[in-house]
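To start, the structure itself, in structure tokens.
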Amino acid sequence: MKARFRRFAALTSRAQQASTLGLFLSLFTAGAAHAVGTPEQRKACTPDVYRLCPGEIPNVRAITACLRRQKASLSEACRAAFEQGDR
């Protein structure tokens with residue numbers, strides 16, 4: 001019974017993390033207007049969020065601010081997504 005509970009808890013934790021990231025991705029902002037990013041922009045920045053700003057999840061504003069602070073460390077794809085959003 002304990003093993004079953006541990007598996008359930010692990011799945012619940014992963015599901016919660018996935019839904020948190022999903023929330024971030026659906027609310028990906030490109031400035032104060034809170035425009036929703038394109039699927040390509042969200043796909044480009046997802047690995048960078050996990051790599052550079054995992055402690056900011058689920059706070060969308062904090063994630064965006066973190067990514068902007070880490071601009072020099074962003075992947076080329078995510079940097080391009082931010083530049084595209086700033087236009």
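Ligands are numbered from 1 in the order shown, chains are lettered A, B, ... in the order of the structure tokens, and residues start at 1 in each chain.
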
**Q.** 8 Å contact set for segment 43-55 of chain A, only C-alpha atoms, chain neighbours under 5 positions out, as a ChimeraX atom specification
**A.** /A:25,63,66-67,70,74-75,77-78,81

Generate the output file for the selected residues, all heavy atoms, as a PDB file, in the first residue's frame.
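Result file follows (selection_15.pdb):
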```pdb
ATOM      1  N   LEU A  25       3.518  28.714 -19.729  1.00  0.00           N
ATOM      2  CA  LEU A  25       3.605  28.749 -21.182  1.00  0.00           C
ATOM      3  C   LEU A  25       2.380  29.402 -21.807  1.00  0.00           C
ATOM      4  O   LEU A  25       2.497  30.109 -22.804  1.00  0.00           O
ATOM      5  CB  LEU A  25       3.794  27.338 -21.728  1.00  0.00           C
ATOM      6  CG  LEU A  25       5.114  26.674 -21.347  1.00  0.00           C
ATOM      7  CD1 LEU A  25       5.138  25.241 -21.867  1.00  0.00           C
ATOM      8  CD2 LEU A  25       6.286  27.455 -21.873  1.00  0.00           C
ATOM      9  N   ILE A  63       9.178  34.702 -13.695  1.00  0.00           N
ATOM     10  CA  ILE A  63       9.862  33.924 -14.728  1.00  0.00           C
ATOM     11  C   ILE A  63      10.311  34.834 -15.857  1.00  0.00           C
ATOM     12  O   ILE A  63      11.461  34.769 -16.311  1.00  0.00           O
ATOM     13  CB  ILE A  63       8.961  32.799 -15.275  1.00  0.00           C
ATOM     14  CG1 ILE A  63       8.735  31.740 -14.202  1.00  0.00           C
ATOM     15  CG2 ILE A  63       9.560  32.176 -16.532  1.00  0.00           C
ATOM     16  CD1 ILE A  63       7.663  30.737 -14.551  1.00  0.00           C
ATOM     17  N   CYS A  66      13.155  36.946 -14.695  1.00  0.00           N
ATOM     18  CA  CYS A  66      14.351  36.109 -14.582  1.00  0.00           C
ATOM     19  C   CYS A  66      14.971  35.865 -15.955  1.00  0.00           C
ATOM     20  O   CYS A  66      16.190  35.997 -16.128  1.00  0.00           O
ATOM     21  CB  CYS A  66      13.996  34.782 -13.908  1.00  0.00           C
ATOM     22  SG  CYS A  66      15.356  33.601 -13.846  1.00  0.00           S
ATOM     23  N   LEU A  67      14.147  35.530 -16.934  1.00  0.00           N
ATOM     24  CA  LEU A  67      14.668  35.295 -18.280  1.00  0.00           C
ATOM     25  C   LEU A  67      15.304  36.562 -18.856  1.00  0.00           C
ATOM     26  O   LEU A  67      16.336  36.502 -19.520  1.00  0.00           O
ATOM     27  CB  LEU A  67      13.575  34.776 -19.205  1.00  0.00           C
ATOM     28  CG  LEU A  67      13.077  33.360 -18.926  1.00  0.00           C
ATOM     29  CD1 LEU A  67      11.908  33.014 -19.844  1.00  0.00           C
ATOM     30  CD2 LEU A  67      14.185  32.333 -19.059  1.00  0.00           C
ATOM     31  N   GLN A  70      18.642  37.016 -17.311  1.00  0.00           N
ATOM     32  CA  GLN A  70      19.578  35.988 -17.781  1.00  0.00           C
ATOM     33  C   GLN A  70      19.763  36.030 -19.295  1.00  0.00           C
ATOM     34  O   GLN A  70      20.193  35.050 -19.891  1.00  0.00           O
ATOM     35  CB  GLN A  70      19.041  34.596 -17.383  1.00  0.00           C
ATOM     36  CG  GLN A  70      18.887  34.387 -15.910  1.00  0.00           C
ATOM     37  CD  GLN A  70      20.214  34.190 -15.218  1.00  0.00           C
ATOM     38  OE1 GLN A  70      21.199  33.825 -15.851  1.00  0.00           O
ATOM     39  NE2 GLN A  70      20.248  34.428 -13.935  1.00  0.00           N
ATOM     40  N   LEU A  74      20.583  32.905 -22.273  1.00  0.00           N
ATOM     41  CA  LEU A  74      19.464  32.281 -22.984  1.00  0.00           C
ATOM     42  C   LEU A  74      19.959  31.546 -24.225  1.00  0.00           C
ATOM     43  O   LEU A  74      20.958  31.921 -24.832  1.00  0.00           O
ATOM     44  CB  LEU A  74      18.446  33.332 -23.419  1.00  0.00           C
ATOM     45  CG  LEU A  74      17.678  34.062 -22.326  1.00  0.00           C
ATOM     46  CD1 LEU A  74      16.751  35.097 -22.953  1.00  0.00           C
ATOM     47  CD2 LEU A  74      16.899  33.103 -21.460  1.00  0.00           C
ATOM     48  N   SER A  75      19.213  30.524 -24.591  1.00  0.00           N
ATOM     49  CA  SER A  75      19.498  29.848 -25.853  1.00  0.00           C
ATOM     50  C   SER A  75      19.199  30.828 -26.986  1.00  0.00           C
ATOM     51  O   SER A  75      18.467  31.805 -26.814  1.00  0.00           O
ATOM     52  CB  SER A  75      18.609  28.608 -25.994  1.00  0.00           C
ATOM     53  OG  SER A  75      17.240  28.995 -26.064  1.00  0.00           O
ATOM     54  N   ALA A  77      17.380  30.416 -29.560  1.00  0.00           N
ATOM     55  CA  ALA A  77      15.955  30.400 -29.915  1.00  0.00           C
ATOM     56  C   ALA A  77      15.136  31.252 -28.950  1.00  0.00           C
ATOM     57  O   ALA A  77      14.266  32.014 -29.371  1.00  0.00           O
ATOM     58  CB  ALA A  77      15.438  28.964 -29.927  1.00  0.00           C
ATOM     59  N   CYS A  78      15.407  31.134 -27.658  1.00  0.00           N
ATOM     60  CA  CYS A  78      14.650  31.910 -26.676  1.00  0.00           C
ATOM     61  C   CYS A  78      15.000  33.391 -26.779  1.00  0.00           C
ATOM     62  O   CYS A  78      14.117  34.245 -26.689  1.00  0.00           O
ATOM     63  CB  CYS A  78      14.920  31.380 -25.264  1.00  0.00           C
ATOM     64  SG  CYS A  78      13.886  32.149 -24.005  1.00  0.00           S
ATOM     65  N   ALA A  81      13.090  34.769 -29.508  1.00  0.00           N
ATOM     66  CA  ALA A  81      11.666  34.909 -29.144  1.00  0.00           C
ATOM     67  C   ALA A  81      11.445  36.186 -28.348  1.00  0.00           C
ATOM     68  O   ALA A  81      10.460  36.890 -28.557  1.00  0.00           O
ATOM     69  CB  ALA A  81      11.206  33.692 -28.354  1.00  0.00           C
TER      70      ALA A  81
END
```

**Q.** Gap from atom CA of Gln84 of chain A to atom CA of Glu40 of chain A - Å, one decimal
**A.** 11.2 Å
